[in-house]
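Visitor: This is the structure I have questions about; it appears just below.
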Amino acid sequence: MLKNLRTIKYIFYLYKNMSIPTPRQDELSVNDYFTIFNFYVVGISKDLDDPIIKTKFMAGLTFDNQKEFIRFGVKKPLAEIVDHLKRLESISDTRYAFGEIVQSDNDSVLLFYAKVKKYNAILNLGKERLRHNFIRGLNLENQLEAERCHIIDPDISLEELVDRLSRLEALCKLKAEGKIF
């Protein structure tokens with residue numbers, strides 16, 4: 001019996017001293033990220049409102065959600081902050097349905113396409129609506145390039161358009177960095 005107790009204590013010692021990686025939101029919804037993060041917090045035996053835990057939670061959020069975390073107030077309880085982020089996420093879903101999602105300065109063409117495609121799938125909209133909302137939400141420079149691509153090839157698929165816009169964007173970036181002349 002004493003040997004089993006030592007073994008159990010040793011296992012708990014090893015488990016407690018294990019390094020568990022902090023989760024990241026990446027493409028997850030705020031709700032899914034928070035669920036996974038809760039498992040992490042339980043695994044390291046901490047409280048959700050521990051300042052270090054809140055910092056780790058914020059560090060794992062997407063950039064836009066990190067900014068919103070700060071805007072809402074970092075001193076508030078984590079549960080309140082998460083509720084706020086969830087509300088914003090649902091507002092974004094509604095805004096997409098009405099074509100109000102636009103490509104920000106930080107969004108590449110591929111990232112913006114992935115965002116539009118995600119919302120399109122969530123709202124179960126068709127391919128034509130996906131194409132319309134993607135082109136409508138592009139920044140002005142990319143809308144112009146999309147129009148030029150469409151003039152050259154009127155039957156261009158959305159996937160091919162995204163590929164061409166992404167290549168043009170990469171070329172412009174290289175030019176801006178002085179890597180091509």
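Following the order of the structure tokens, chains are lettered A, B, ..., residues in each are numbered from 1, and ligands are numbered from 1.
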Leaving out A:Leu138 and any residue of its chain fewer than 5 positions from it, which residues lie within 12 Å of it when counting only C-alpha atoms, given as a ChimeraX atom specification?

Guide: /A:99-105,107-113,115-116,131-133,143-147,162,165-166

Visitor: Take the residues from that selection and write them out as a PDB file, in the first residue's frame, keeping N, CA and C atoms.

Guide:
```pdb
ATOM      1  N   GLY A  99     -23.148  42.374 -45.848  1.00  0.00           N
ATOM      2  CA  GLY A  99     -22.075  42.837 -46.720  1.00  0.00           C
ATOM      3  C   GLY A  99     -21.226  43.945 -46.148  1.00  0.00           C
ATOM      4  N   GLU A 100     -21.107  44.022 -44.838  1.00  0.00           N
ATOM      5  CA  GLU A 100     -20.350  45.101 -44.225  1.00  0.00           C
ATOM      6  C   GLU A 100     -18.931  44.709 -43.814  1.00  0.00           C
ATOM      7  N   ILE A 101     -18.506  43.506 -44.099  1.00  0.00           N
ATOM      8  CA  ILE A 101     -17.148  43.088 -43.760  1.00  0.00           C
ATOM      9  C   ILE A 101     -16.221  43.576 -44.873  1.00  0.00           C
ATOM     10  N   VAL A 102     -15.162  44.289 -44.478  1.00  0.00           N
ATOM     11  CA  VAL A 102     -14.231  44.833 -45.465  1.00  0.00           C
ATOM     12  C   VAL A 102     -12.797  44.422 -45.125  1.00  0.00           C
ATOM     13  N   GLN A 103     -11.970  44.413 -46.139  1.00  0.00           N
ATOM     14  CA  GLN A 103     -10.571  44.063 -45.979  1.00  0.00           C
ATOM     15  C   GLN A 103      -9.850  45.195 -45.255  1.00  0.00           C
ATOM     16  N   SER A 104      -9.258  44.890 -44.122  1.00  0.00           N
ATOM     17  CA  SER A 104      -8.516  45.916 -43.392  1.00  0.00           C
ATOM     18  C   SER A 104      -7.110  46.037 -43.958  1.00  0.00           C
ATOM     19  N   ASP A 105      -6.389  47.049 -43.520  1.00  0.00           N
ATOM     20  CA  ASP A 105      -5.023  47.248 -43.993  1.00  0.00           C
ATOM     21  C   ASP A 105      -4.114  46.087 -43.599  1.00  0.00           C
ATOM     22  N   ASP A 107      -5.106  42.889 -43.387  1.00  0.00           N
ATOM     23  CA  ASP A 107      -5.537  41.640 -44.009  1.00  0.00           C
ATOM     24  C   ASP A 107      -4.926  41.468 -45.395  1.00  0.00           C
ATOM     25  N   SER A 108      -4.271  40.344 -45.595  1.00  0.00           N
ATOM     26  CA  SER A 108      -3.851  39.998 -46.949  1.00  0.00           C
ATOM     27  C   SER A 108      -5.085  39.519 -47.701  1.00  0.00           C
ATOM     28  N   VAL A 109      -4.964  39.384 -49.006  1.00  0.00           N
ATOM     29  CA  VAL A 109      -6.080  38.881 -49.814  1.00  0.00           C
ATOM     30  C   VAL A 109      -6.476  37.487 -49.333  1.00  0.00           C
ATOM     31  N   LEU A 110      -5.481  36.638 -49.084  1.00  0.00           N
ATOM     32  CA  LEU A 110      -5.773  35.271 -48.650  1.00  0.00           C
ATOM     33  C   LEU A 110      -6.462  35.250 -47.288  1.00  0.00           C
ATOM     34  N   LEU A 111      -6.005  36.078 -46.361  1.00  0.00           N
ATOM     35  CA  LEU A 111      -6.619  36.137 -45.040  1.00  0.00           C
ATOM     36  C   LEU A 111      -8.052  36.667 -45.137  1.00  0.00           C
ATOM     37  N   PHE A 112      -8.260  37.701 -45.938  1.00  0.00           N
ATOM     38  CA  PHE A 112      -9.605  38.244 -46.100  1.00  0.00           C
ATOM     39  C   PHE A 112     -10.520  37.220 -46.758  1.00  0.00           C
ATOM     40  N   TYR A 113     -10.021  36.510 -47.756  1.00  0.00           N
ATOM     41  CA  TYR A 113     -10.824  35.466 -48.413  1.00  0.00           C
ATOM     42  C   TYR A 113     -11.208  34.378 -47.412  1.00  0.00           C
ATOM     43  N   LYS A 115     -11.573  34.699 -44.219  1.00  0.00           N
ATOM     44  CA  LYS A 115     -12.574  35.273 -43.311  1.00  0.00           C
ATOM     45  C   LYS A 115     -13.954  35.283 -43.975  1.00  0.00           C
ATOM     46  N   VAL A 116     -14.018  35.738 -45.228  1.00  0.00           N
ATOM     47  CA  VAL A 116     -15.294  35.807 -45.945  1.00  0.00           C
ATOM     48  C   VAL A 116     -15.851  34.398 -46.152  1.00  0.00           C
ATOM     49  N   ARG A 131     -18.799  35.201 -53.654  1.00  0.00           N
ATOM     50  CA  ARG A 131     -18.066  36.002 -54.640  1.00  0.00           C
ATOM     51  C   ARG A 131     -18.411  37.488 -54.482  1.00  0.00           C
ATOM     52  N   HIS A 132     -19.694  37.782 -54.362  1.00  0.00           N
ATOM     53  CA  HIS A 132     -20.150  39.165 -54.232  1.00  0.00           C
ATOM     54  C   HIS A 132     -19.560  39.817 -52.979  1.00  0.00           C
ATOM     55  N   ASN A 133     -19.679  39.154 -51.832  1.00  0.00           N
ATOM     56  CA  ASN A 133     -19.190  39.736 -50.578  1.00  0.00           C
ATOM     57  C   ASN A 133     -17.665  39.846 -50.551  1.00  0.00           C
ATOM     58  N   GLN A 143     -10.001  45.830 -55.416  1.00  0.00           N
ATOM     59  CA  GLN A 143     -11.214  45.846 -56.243  1.00  0.00           C
ATOM     60  C   GLN A 143     -10.867  46.210 -57.687  1.00  0.00           C
ATOM     61  N   LEU A 144      -9.965  47.181 -57.842  1.00  0.00           N
ATOM     62  CA  LEU A 144      -9.536  47.583 -59.178  1.00  0.00           C
ATOM     63  C   LEU A 144      -8.820  46.429 -59.876  1.00  0.00           C
ATOM     64  N   GLU A 145      -7.937  45.755 -59.174  1.00  0.00           N
ATOM     65  CA  GLU A 145      -7.227  44.607 -59.751  1.00  0.00           C
ATOM     66  C   GLU A 145      -8.202  43.481 -60.107  1.00  0.00           C
ATOM     67  N   ALA A 146      -9.214  43.263 -59.254  1.00  0.00           N
ATOM     68  CA  ALA A 146     -10.222  42.234 -59.545  1.00  0.00           C
ATOM     69  C   ALA A 146     -10.975  42.587 -60.829  1.00  0.00           C
ATOM     70  N   GLU A 147     -11.306  43.850 -60.989  1.00  0.00           N
ATOM     71  CA  GLU A 147     -11.999  44.299 -62.202  1.00  0.00           C
ATOM     72  C   GLU A 147     -11.115  44.077 -63.432  1.00  0.00           C
ATOM     73  N   VAL A 162      -8.726  34.913 -56.489  1.00  0.00           N
ATOM     74  CA  VAL A 162      -8.012  35.053 -55.209  1.00  0.00           C
ATOM     75  C   VAL A 162      -6.523  34.777 -55.410  1.00  0.00           C
ATOM     76  N   LEU A 165      -4.974  37.789 -57.296  1.00  0.00           N
ATOM     77  CA  LEU A 165      -4.879  38.961 -56.417  1.00  0.00           C
ATOM     78  C   LEU A 165      -3.783  38.777 -55.374  1.00  0.00           C
ATOM     79  N   SER A 166      -3.653  37.569 -54.876  1.00  0.00           N
ATOM     80  CA  SER A 166      -2.613  37.280 -53.885  1.00  0.00           C
ATOM     81  C   SER A 166      -1.219  37.428 -54.500  1.00  0.00           C
TER      82      SER A 166
END
```

Visitor: From a DSSP pass on the backbone, collect the residues of stretch 12-134 of chain A flagged as helix (DSSP H, G or I) and hand them back as a PyMOL selection string.

Guide: chain A and resi 12-16+30-43+51-60+63-72+78-97+109-122+127-134

Visitor: For each of A:Leu130, A:Ala59, A:Gly137, A:Phe181, take the minimum atom-to-atom distance to A:Asp26, counting only C-alpha atoms, then give the residue where this is smallest.

Guide: A:Ala59

Visitor: For each of A:Ala114, A:Val41, A:Ala121, A:Ala170, take the minimum atom-to-atom distance to A:Lys56, counting only C-alpha atoms, then give the residue where this is smallest.

Guide: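 Closest to A:Lys56, using only C-alpha atoms: A:Val41.
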
Visitor: Considering only C-alpha atoms, return as JSON, numbers by chain whatever protein or nucleic-acid residues lie within 12 Å of A:Glu89, sequence-local ones (same chain, fewer than 5 positions apart) excluded.

Guide: {"A": [28, 29, 30, 31, 64, 65, 68, 82, 83, 84, 94, 95, 96, 119, 122]}

Visitor: Could you jot down the atom CA of A:Glu27 to atom CA of A:Lys127 separation for me, Å, one decimal place?

Guide: 21.4 Å
